[in-house]
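This is target39.cif (mmCIF, C-alpha atoms).
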```cif
data_start
#
loop_
_atom_site.label_atom_id
_atom_site.label_comp_id
_atom_site.auth_asym_id
_atom_site.auth_seq_id
_atom_site.Cartn_x
_atom_site.Cartn_y
_atom_site.Cartn_z
CA MET A 15 143.98 189.56 91.50
CA LYS A 16 141.19 187.16 90.84
CA ILE A 17 142.45 183.58 90.71
CA THR A 18 140.15 181.58 88.49
CA SER A 19 139.96 177.80 88.32
CA SER A 20 141.28 177.87 84.74
CA PHE A 21 144.32 179.88 85.91
CA VAL A 22 144.99 177.26 88.58
CA ALA A 23 144.57 174.52 85.98
CA VAL A 24 147.10 176.21 83.70
CA LEU A 25 149.56 176.54 86.58
CA LEU A 26 149.08 172.91 87.55
CA TYR A 27 149.52 171.79 83.95
CA THR A 28 152.62 173.92 83.56
CA PHE A 29 154.34 172.48 86.61
CA THR A 30 153.23 168.87 86.23
CA SER A 31 154.21 168.78 82.56
CA MET A 32 157.70 170.13 83.16
CA PRO A 33 160.34 167.51 82.56
CA ALA A 34 161.93 166.18 85.72
CA GLN A 35 165.38 167.45 86.61
CA ALA A 36 167.99 165.12 85.18
CA GLU A 37 169.99 162.94 87.53
CA PRO A 38 173.36 161.38 86.73
CA ASP A 39 172.94 157.89 85.30
CA ASP A 40 176.14 156.28 86.50
CA SER A 41 175.35 153.08 84.62
CA LEU A 42 176.42 155.03 81.52
CA CYS A 43 179.71 156.08 83.13
CA ALA A 44 183.01 154.20 83.04
CA THR A 45 183.88 152.05 86.02
CA TYR A 46 187.40 152.10 87.43
CA PHE A 47 188.42 149.15 85.23
CA GLU A 48 186.77 150.60 82.13
CA LYS A 49 188.70 153.83 82.67
CA GLN A 50 191.95 151.88 82.64
CA ILE A 51 190.98 150.06 79.45
CA VAL A 52 189.97 153.24 77.65
CA ARG A 53 192.99 155.25 78.77
CA ASN A 54 195.28 152.41 77.74
CA HIS A 55 193.61 152.37 74.32
CA TYR A 56 194.21 156.10 73.93
CA PHE A 57 197.50 156.66 75.68
CA GLY A 58 199.14 153.24 76.00
CA TYR A 59 201.81 151.90 73.68
CA GLY A 60 200.60 152.17 70.08
CA GLY A 61 197.52 154.14 71.11
CA ASN A 62 195.92 156.96 69.15
CA PRO A 63 195.59 159.89 71.59
CA ALA A 64 193.13 161.73 69.33
CA ALA A 65 190.92 158.87 68.16
CA PRO A 66 187.30 159.93 67.73
CA PRO A 67 185.36 158.23 70.57
CA PRO A 68 183.35 155.92 68.24
CA ILE A 69 186.57 154.08 67.41
CA PRO A 70 187.49 152.92 70.95
CA SER A 71 183.77 152.38 71.59
CA HIS A 72 183.66 149.91 68.72
CA ASP A 73 187.07 148.36 69.31
CA LEU A 74 186.50 147.85 73.04
CA ARG A 75 182.78 147.03 72.66
CA LEU A 76 181.99 149.75 75.19
CA VAL A 77 178.99 152.04 75.01
CA GLU A 78 180.36 155.41 73.91
CA THR A 79 179.44 157.37 77.06
CA LYS A 80 181.75 155.00 78.94
CA VAL A 81 184.57 155.96 76.60
CA VAL A 82 184.17 159.73 76.98
CA SER A 83 183.49 159.51 80.71
CA ALA A 84 186.78 157.64 81.08
CA LEU A 85 188.79 160.58 79.78
CA PRO A 86 190.58 162.96 82.18
CA ALA A 87 188.74 166.21 83.00
CA THR A 88 191.25 168.18 80.96
CA MET A 89 190.10 166.26 77.87
CA ALA A 90 186.37 165.91 78.38
CA VAL A 91 183.68 167.76 80.30
CA SER A 92 180.07 166.69 80.51
CA ALA A 93 176.57 167.80 81.36
CA GLN A 94 173.39 165.91 82.19
CA ALA A 95 171.13 166.72 79.29
CA THR A 96 167.83 168.56 79.64
CA PRO A 97 165.95 170.48 76.95
CA LYS A 98 166.92 173.78 78.58
CA ARG A 99 170.61 172.85 78.72
CA PHE A 100 170.55 171.63 75.12
CA ASN A 101 169.16 175.02 74.15
CA LYS A 102 171.90 176.82 76.05
CA ILE A 103 174.65 174.63 74.60
CA TRP A 104 173.37 174.91 71.04
CA ASN A 105 173.19 178.69 71.36
CA THR A 106 176.96 178.60 71.79
CA ILE A 107 177.30 176.36 68.72
CA ASP A 108 175.16 178.81 66.72
CA ALA A 109 177.83 181.34 67.68
CA TRP A 110 180.53 179.27 65.95
CA GLY A 111 179.16 180.85 62.76
CA ALA A 112 176.91 179.53 59.98
CA ASP A 113 179.77 179.75 57.45
CA LYS A 114 182.20 177.56 59.40
CA ASP A 115 183.11 174.07 58.22
CA VAL A 116 182.42 171.23 60.64
CA LYS A 117 181.85 167.51 60.46
CA ILE A 118 178.81 165.68 61.81
CA ILE A 119 179.49 162.17 63.09
CA ILE A 120 176.77 159.56 63.42
CA THR A 121 177.00 156.01 64.66
CA VAL A 122 174.21 153.44 64.71
CA ASP A 123 174.44 150.93 67.58
CA GLY A 124 178.15 151.68 67.85
CA TRP A 125 178.71 149.60 64.68
CA HIS A 126 177.92 151.66 61.60
CA ALA A 127 179.66 155.04 61.35
CA PHE A 128 179.22 158.07 59.10
CA ALA A 129 181.07 161.38 58.84
CA TYR A 130 179.34 164.21 56.99
CA PRO A 131 181.25 167.40 56.19
CA GLY A 132 179.17 170.57 56.06
CA LYS A 133 178.50 173.97 57.57
CA VAL A 134 177.49 174.53 61.18
CA PRO A 135 173.80 173.65 61.59
CA ILE A 136 172.05 176.61 63.16
CA THR A 137 168.93 176.73 65.34
CA LYS A 138 165.85 176.88 63.14
CA ALA A 139 162.97 176.09 65.48
CA LYS A 140 162.17 174.82 68.95
CA SER A 141 158.94 173.23 70.10
CA ARG A 142 157.47 173.04 73.57
CA ASN A 143 157.49 169.24 73.41
CA GLY A 144 161.27 169.17 73.32
CA PHE A 145 161.99 168.93 69.59
CA TYR A 146 164.80 171.19 68.45
CA VAL A 147 165.40 171.76 64.73
CA ILE A 148 168.81 172.74 63.38
CA GLU A 149 169.79 173.23 59.76
CA SER A 150 172.74 174.47 57.74
CA GLU A 151 173.12 176.72 54.71
CA GLY A 152 169.76 178.38 55.28
CA GLY A 153 167.92 175.09 54.81
CA ALA A 154 169.86 173.94 51.72
CA GLY A 155 172.17 171.73 53.77
CA MET A 156 171.66 169.20 56.50
CA ARG A 157 168.54 169.32 58.69
CA HIS A 158 168.14 167.60 62.03
CA LYS A 159 165.20 167.28 64.40
CA ILE A 160 166.49 166.36 67.85
CA ASN A 161 164.23 165.14 70.64
CA THR A 162 166.01 166.87 73.50
CA ARG A 163 163.93 164.97 76.09
CA GLU A 164 165.52 161.74 74.91
CA LEU A 165 169.14 162.74 75.54
CA SER A 166 171.13 161.60 78.55
CA SER A 167 174.27 163.69 78.34
CA VAL A 168 176.43 166.07 76.39
CA TYR A 169 180.23 165.94 76.29
CA ALA A 170 182.75 168.46 75.01
CA VAL A 171 185.92 166.59 74.09
CA LYS A 172 189.40 167.89 73.30
CA LEU A 173 192.08 165.33 72.38
CA GLU A 174 195.53 166.42 71.22
CA ALA A 175 197.25 164.37 68.53
CA SER A 176 200.98 163.81 68.19
CA ASN A 177 201.17 166.58 65.54
CA GLY A 178 200.00 169.15 68.10
CA ARG A 179 196.58 169.60 66.52
CA SER A 180 193.45 168.48 68.32
CA LEU A 181 190.16 166.77 67.84
CA ARG A 182 187.54 169.08 69.34
CA ASN A 183 183.97 167.89 69.39
CA VAL A 184 180.64 168.20 71.13
CA SER A 185 178.81 164.87 71.42
CA PHE A 186 175.15 164.24 72.27
CA TYR A 187 174.12 160.87 73.73
CA ASP A 188 170.81 159.07 74.10
CA LYS A 189 169.52 157.39 77.22
CA ARG A 190 171.30 154.12 76.41
CA GLY A 191 174.64 155.89 76.11
CA ASP A 192 174.75 155.68 72.30
CA LEU A 193 175.87 158.61 70.22
CA VAL A 194 173.03 160.52 68.57
CA PHE A 195 175.48 162.79 66.81
CA ALA A 196 178.70 164.69 67.36
CA VAL A 197 179.90 167.96 65.88
CA HIS A 198 183.62 168.07 65.13
CA ALA A 199 184.96 171.63 65.26
CA THR A 200 188.54 170.63 64.49
CA GLU A 201 190.35 167.43 63.53
CA PRO A 202 194.09 166.69 63.72
CA GLY A 203 194.36 166.10 59.98
CA TYR A 204 193.32 169.63 59.07
CA ASP A 205 194.46 173.20 59.78
CA GLU A 206 192.77 174.70 62.81
CA ASP A 207 190.59 177.78 62.39
CA PRO A 208 191.52 180.01 65.37
CA ASP A 209 188.02 181.53 65.45
CA LEU A 210 186.48 178.08 65.64
CA VAL A 211 188.93 177.04 68.35
CA ALA A 212 187.95 180.10 70.42
CA ALA A 213 184.26 179.48 69.80
CA PHE A 214 184.60 175.83 70.82
CA ASP A 215 186.27 176.97 74.06
CA GLN A 216 183.12 178.99 74.81
CA THR A 217 180.99 175.87 74.34
CA TRP A 218 183.39 173.87 76.52
CA ALA A 219 183.05 176.49 79.29
CA VAL A 220 179.24 176.38 79.17
CA VAL A 221 179.15 172.55 79.33
CA ASP A 222 181.70 172.59 82.14
CA GLN A 223 179.45 174.86 84.25
CA MET A 224 176.53 172.42 84.10
CA PRO A 225 175.95 169.44 86.43
CA SER A 226 178.20 166.62 85.29
CA ALA A 227 176.82 163.49 83.65
CA CYS A 228 178.72 161.27 86.09
CA THR A 229 179.02 161.36 89.85
CA ASP A 230 182.80 161.57 89.84
CA MET B 22 209.40 133.12 94.06
CA ILE B 23 206.03 132.15 95.50
CA LYS B 24 205.22 135.85 95.84
CA ILE B 25 206.07 136.41 92.16
CA LEU B 26 203.92 133.46 91.08
CA ALA B 27 201.06 134.67 93.26
CA PHE B 28 201.35 138.15 91.78
CA ALA B 29 201.42 136.71 88.25
CA ALA B 30 198.29 134.66 89.01
CA PHE B 31 196.59 137.77 90.43
CA ALA B 32 197.58 139.84 87.42
CA LEU B 33 196.26 137.20 85.04
CA ALA B 34 192.99 137.00 86.96
CA ALA B 35 192.70 140.79 87.06
CA GLY B 36 193.43 140.98 83.35
CA SER B 37 190.77 138.44 82.56
CA ASN B 38 188.31 140.31 84.80
CA ILE B 39 189.00 143.55 82.99
CA HIS B 40 188.33 141.82 79.69
CA THR B 41 185.16 140.19 81.03
CA SER B 42 183.98 143.50 82.41
CA ALA B 43 184.36 145.17 79.02
CA GLN B 44 182.59 142.32 77.27
CA GLU B 45 179.71 142.33 79.74
CA THR B 46 179.03 146.04 79.51
CA SER B 47 179.27 145.72 75.74
CA LEU B 48 177.43 147.70 73.12
CA ASN B 49 173.66 148.08 73.13
CA ILE B 50 172.71 145.08 71.05
CA ALA B 51 169.19 143.78 71.57
CA ASP B 52 167.76 140.50 70.34
CA PRO B 53 166.65 140.28 66.72
CA ILE B 54 162.93 140.75 66.24
CA GLU B 55 160.46 138.87 64.07
CA ALA B 56 160.75 141.07 60.99
CA CYS B 57 157.33 140.53 59.47
CA ALA B 58 154.26 142.39 60.69
CA ASP B 59 151.34 140.10 61.48
CA ALA B 60 147.84 140.75 60.14
CA ASP B 61 146.79 142.89 63.11
CA THR B 62 149.92 145.02 62.90
CA ARG B 63 149.49 145.46 59.14
CA GLU B 64 145.96 146.72 59.73
CA VAL B 65 147.08 149.16 62.44
CA VAL B 66 149.92 150.49 60.28
CA GLN B 67 147.83 150.90 57.14
CA ARG B 68 145.00 152.58 59.03
CA HIS B 69 147.53 154.98 60.57
CA PHE B 70 148.79 156.09 57.16
CA GLN B 71 145.25 156.38 55.78
CA LYS B 72 144.36 158.74 58.63
CA ASN B 73 147.69 160.59 58.71
CA THR B 74 148.64 161.28 55.12
CA LYS B 75 151.68 163.31 56.15
CA ALA B 76 153.03 160.66 58.52
CA THR B 77 156.62 159.55 58.14
CA LEU B 78 157.90 156.05 58.85
CA ALA B 79 159.76 157.31 61.92
CA GLY B 80 156.70 159.23 63.11
CA ALA B 81 154.48 156.17 62.69
CA SER B 82 157.03 154.06 64.53
CA ARG B 83 156.97 156.48 67.46
CA LYS B 84 153.19 156.96 67.50
CA LEU B 85 152.40 153.26 67.22
CA ALA B 86 155.25 152.20 69.54
CA LEU B 87 156.46 149.75 66.92
CA PRO B 88 159.98 149.13 65.64
CA GLU B 89 160.25 150.95 62.31
CA LEU B 90 160.89 147.65 60.52
CA LEU B 91 157.39 146.45 61.50
CA VAL B 92 155.94 149.70 60.14
CA VAL B 93 157.67 148.98 56.82
CA THR B 94 156.64 145.34 56.66
CA GLY B 95 153.14 146.45 57.66
CA LEU B 96 152.78 148.56 54.51
CA PRO B 97 150.89 147.13 51.52
CA PRO B 98 153.25 144.94 49.45
CA GLU B 99 153.09 147.32 46.47
CA GLN B 100 154.62 150.04 48.69
CA ALA B 101 157.53 148.09 50.17
CA ILE B 102 159.66 145.20 48.93
CA GLY B 103 162.15 143.75 51.40
CA THR B 104 164.77 141.07 51.40
CA GLN B 105 167.09 139.61 54.01
CA MET B 106 170.71 140.74 53.89
CA THR B 107 173.91 138.74 53.99
CA PRO B 108 177.27 140.46 53.54
CA GLU B 109 177.43 139.37 49.89
CA ILE B 110 173.85 140.40 49.09
CA LEU B 111 174.41 143.77 50.74
CA LYS B 112 177.48 144.33 48.58
CA ASP B 113 175.41 143.47 45.48
CA VAL B 114 172.61 145.81 46.51
CA TRP B 115 175.04 148.65 47.08
CA THR B 116 176.73 147.96 43.76
CA SER B 117 173.34 148.51 42.12
CA MET B 118 173.13 151.82 44.01
CA ASP B 119 176.59 152.79 42.76
CA ALA B 120 175.05 152.51 39.31
CA TRP B 121 172.70 155.40 40.07
CA GLY B 122 175.78 157.48 39.23
CA GLU B 123 178.24 159.35 41.42
CA GLN B 124 176.43 162.60 40.64
CA ALA B 125 172.98 161.30 41.64
CA SER B 126 171.51 163.56 44.31
CA VAL B 127 169.87 161.83 47.27
CA ARG B 128 168.96 162.49 50.90
CA THR B 129 170.28 160.11 53.51
CA VAL B 130 168.19 159.83 56.64
CA PHE B 131 168.93 158.44 60.11
CA THR B 132 166.32 158.12 62.83
CA MET B 133 168.45 156.94 65.76
CA GLY B 134 166.01 154.46 67.27
CA GLY B 135 163.03 156.52 66.13
CA GLU B 136 163.54 159.50 68.46
CA HIS B 137 165.50 161.88 66.24
CA VAL B 138 165.62 162.58 62.52
CA LEU B 139 168.89 163.57 60.85
CA GLU B 140 168.83 164.34 57.14
CA PHE B 141 171.73 165.00 54.81
CA PRO B 142 171.39 166.06 51.17
CA GLY B 143 174.28 165.11 48.89
CA TYR B 144 175.49 162.75 46.24
CA ILE B 145 175.01 159.04 46.66
CA PRO B 146 177.89 157.37 48.52
CA VAL B 147 179.54 154.69 46.39
CA ARG B 148 181.51 151.59 47.29
CA GLN B 149 185.23 151.78 47.84
CA ALA B 150 187.72 148.99 47.31
CA ASP B 151 186.54 145.85 49.09
CA LEU B 152 189.10 145.11 51.80
CA ASP B 153 187.17 142.01 52.87
CA ASP B 154 187.49 143.20 56.47
CA GLY B 155 183.83 143.04 57.47
CA TRP B 156 183.08 146.63 56.47
CA LEU B 157 181.37 148.15 53.47
CA ASP B 158 183.06 151.51 52.92
CA ILE B 159 180.99 154.06 51.00
CA TYR B 160 182.17 157.58 50.10
CA ALA B 161 180.39 160.35 48.23
CA ASP B 162 181.61 163.01 45.87
CA GLY B 163 185.01 161.44 45.27
CA GLY B 164 185.75 161.48 49.01
CA ALA B 165 184.71 165.12 49.56
CA GLY B 166 181.25 164.08 50.80
CA VAL B 167 180.17 161.58 53.41
CA HIS B 168 182.44 158.76 54.49
CA GLY B 169 180.31 155.84 55.66
CA HIS B 170 181.21 152.45 57.08
CA LEU B 171 178.56 149.75 57.33
CA TRP B 172 179.37 146.66 59.37
CA LEU B 173 178.16 143.98 56.98
CA ASN B 174 177.10 141.44 59.59
CA ARG B 175 174.92 143.98 61.37
CA VAL B 176 172.51 144.76 58.52
CA GLY B 177 169.38 142.63 58.72
CA SER B 178 167.32 143.61 55.69
CA ALA B 179 166.97 146.08 52.83
CA HIS B 180 163.70 147.51 51.53
CA ALA B 181 162.64 149.50 48.50
CA ILE B 182 159.86 151.77 49.74
CA GLU B 183 157.61 153.95 47.59
CA ARG B 184 154.77 155.82 49.26
CA ALA B 185 152.70 158.80 48.20
CA ASN B 186 151.60 161.69 50.37
CA LYS B 187 148.10 163.14 50.03
CA ASN B 188 149.24 165.25 47.06
CA LYS B 189 150.45 162.10 45.27
CA GLN B 190 154.08 163.16 45.69
CA LEU B 191 156.36 160.20 46.29
CA PHE B 192 158.78 159.17 48.98
CA ARG B 193 161.19 156.69 47.37
CA SER B 194 163.89 155.12 49.50
CA ILE B 195 166.21 152.16 49.79
CA SER B 196 166.26 151.62 53.55
CA PHE B 197 168.45 149.33 55.61
CA TYR B 198 167.31 147.92 58.95
CA ALA B 199 169.15 146.33 61.86
CA PRO B 200 168.12 142.85 63.01
CA GLU B 201 166.64 144.59 66.10
CA GLY B 202 164.19 146.45 63.85
CA HIS B 203 165.47 150.00 63.78
CA LEU B 204 166.61 151.98 60.77
CA ILE B 205 170.32 152.02 60.03
CA MET B 206 169.98 154.43 57.14
CA GLY B 207 167.53 155.38 54.43
CA VAL B 208 168.73 156.61 51.04
CA TYR B 209 165.95 158.72 49.54
CA ALA B 210 165.72 159.15 45.78
CA SER B 211 162.76 161.49 46.20
CA VAL B 212 161.06 163.36 49.00
CA PRO B 213 157.87 165.44 48.60
CA GLY B 214 158.57 169.14 48.43
CA THR B 215 162.06 168.77 46.97
CA PRO B 216 162.80 168.35 43.24
CA ALA B 217 163.94 164.79 42.60
CA ASP B 218 167.04 163.99 40.55
CA PRO B 219 165.93 161.79 37.59
CA LYS B 220 169.21 159.85 37.88
CA ALA B 221 168.30 158.87 41.42
CA VAL B 222 164.70 158.01 40.53
CA GLU B 223 165.77 155.82 37.61
CA GLY B 224 168.43 154.20 39.78
CA PHE B 225 165.89 153.57 42.52
CA GLU B 226 163.70 151.69 40.02
CA ARG B 227 166.62 149.45 39.05
CA THR B 228 167.56 148.70 42.65
CA ARG B 229 163.92 148.03 43.47
CA ALA B 230 163.80 145.56 40.58
CA LEU B 231 166.92 143.86 41.95
CA LEU B 232 165.35 143.53 45.42
CA ALA B 233 162.12 142.26 43.82
CA SER B 234 164.11 139.53 42.07
CA MET B 235 165.38 138.21 45.40
CA PRO B 236 163.47 136.06 47.92
CA ARG B 237 160.98 138.23 49.81
CA LEU B 238 161.60 138.85 53.50
CA CYS B 239 157.89 138.43 54.22
CA GLU B 240 155.55 136.26 52.21
CA ARG B 241 151.88 137.19 52.46
#
```

Full structure transcribed into C-alpha cells:
Amino acid sequence: MKITSSFVAVLLYTFTSMPAQAEPDDSLCATYFEKQIVRNHYFGYGGNPAAPPPIPSHDLRLVETKVVSALPATMAVSAQATPKRFNKIWNTIDAWGADKDVKIIITVDGWHAFAYPGKVPITKAKSRNGFYVIESEGGAGMRHKINTRELSSVYAVKLEASNGRSLRNVSFYDKRGDLVFAVHATEPGYDEDPDLVAAFDQTWAVVDQMPSACTD
Amino acid sequence: MIKILAFAAFALAAGSNIHTSAQETSLNIADPIEACADADTREVVQRHFQKNTKATLAGASRKLALPELLVVTGLPPEQAIGTQMTPEILKDVWTSMDAWGEQASVRTVFTMGGEHVLEFPGYIPVRQADLDDGWLDIYADGGAGVHGHLWLNRVGSAHAIERANKNKQLFRSISFYAPEGHLIMGVYASVPGTPADPKAVEGFERTRALLASMPRLCER
C-alpha cells in the first residue's frame, strides 16, 4: 500500500477534527443541598411528584440539569452528550413511531415555557459538522435543527403521579445546563399508550448504558 | 435546653445556607446588553446579508458572533422596527397579534441562544385571561395547540422584521428578545418557500404599524 502525503493529511484531519470525548461537567449537577431542595419540592408535603422539570427549575431558580440530576436513579438516567450518542438516542426515538402523539417542551432561560403537541419528529438529515435535523409528519409538522456539538447531557426521566400514571420524557440540555427541548412520551393527565411506554423504556435503557452526565 | 437551642440555631443556619445556595446557583441570567448596534456593527451585519442572501438571523448571529438582537438592530431601519417592552406594552402588542385571528397560520421559531433552530407550524397563540400573576399565557387552536407562558418582566424588546431573500420572497416576523440579546421567540407570518396565510400577513402589517407608533428602541 502506497501511503501518500494526501492520505496522511486526510487521516490527520480526520482525527484532529473529531470532537473531544465528553467529560462530566459536575458544575451542572446538583450538590448535596440542591438534591435535598429538589427532592423536597417533588416529594415533600404538598409536592407534585410528577412535575415537569422546568417547573421546579423555575420555582427554585435552579438550572434545570440540577433538577434532573437531583432525582433518584430509578426516576432519571443520564448521558454525557456527544454527536454520536445523540444519534444513537434519537434512533430509539425514531422507533417510537412517526404516528405517535408526543409533546415538545421548550424553555428559554428557564423563564418562558412552551408545550407543543405533535407527532414524533423523525430523523431527516445529519451533517458532519454536528447538525441533526428532525421533522414530523413528513415535513408538514415541526422541524428542528439541533447542533449536537453544543449539548452537555441527555436525561430520560420517569416520574409517577398520584394517579398511577407517569410523566416520561427525554430532555436535551445545552452546555449551560438549560433545556434545549424535551420530548414527553406520556403525561399523567392522559391515557398511556402501551406501545409508547415500551418504546420509551428502550430509550431509557440506551441512555442508561452511556457514561453518566454526573460523577455520582 | 442549651442543646435544643444550639440545634435550633444550627438548623436555622443550615436552612438559610440551603436557600443561599439555591439563590447563588440560580438560573443562567446574564447582564442586559446595549440593544442598539453601533455604526460598525450595522455595516458588518448589512454586508453579511448582502453577501449571503440566504442567511437567517440566527445564522448571521452565529457567523458574526453577535447576539441576535444586535443583528436585528443592525438591519436597515426599513427592515426592522423595534420598541422596548414593559409588561403592559407586551400585553398590548400581543393583543394586536390576537387580532390576526385564531385561525391565522404562522410559524413560531426558537433559536436557543443561536445554536439550534426549532420551528413549529400552527395557528397563532392568543392571550388567555389575564391573571395578573406576572405571566402572559398564550394558547393556540382553542387549547389544542401550543400552550405558551411568557414571563412579562423578562422580555426586553419586540421587533417587526421584514426581509427579502434573493428571490424577493419575504420573511415577516414579530420577534421578541431577552434583555441579554437572544431570541425568546419569533412569530413568522411568512417564510420563503411556504405559502403565507393572508390573515397572518395582514395582521403582521397591523402589528408592525402598532410598533411603529411607539418610541423606537434605537434612534439613528

Item to check | Matched chain/residue IDs from the PyMOL selection byres ((chain B) within 10 of (chain A)), as a ChimeraX atom specification | outcome: /B:35-36,38-40,42-51,128-143,156-161,165-176,199,203-206

Item to check | Of the listed residues B:Pro108, B:Gly122, B:Pro98, B:Pro88, that which approaches Asp218 of chain B most closely, counting only C-alpha atoms | outcome: B:Gly122

Next on the checklist: Expand the PyMOL selection byres ((chain B and resi 217) around 10) into the explicit residue set it covers here, and present it as a VMD selection string.
Outcome noted: chain B and resid 125 to 128 191 to 193 209 to 216 218 to 222

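Reported to one decimal place, the separation of atom CA of Thr94 of chain B from atom CA of Cys57 of chain B is 5.6 Å.
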
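Between atom CA of Lys140 of chain A and atom CA of Lys114 of chain A the interatomic distance comes to 22.4 Å.
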
Next on the checklist: At a cut-off of 12 Å, using all atoms listed in the file, what residues contact Ser180 of chain A? Leave out same-chain residues fewer than 2 positions from it and give the result as a ChimeraX atom specification.
Outcome noted: /A:62-66,89,171-178,182-183,198-207,211,214

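Pairwise distance (atom CA of Ser166 of chain A, atom CA of Thr79 of chain A) equals 9.4 Å.
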
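In terms of minimum interatomic distance to Gln71 of chain B, B:Leu96 ranks closest within B:Leu96, B:Ala120, B:Ala101, B:Leu91, counting all atoms listed in the file.
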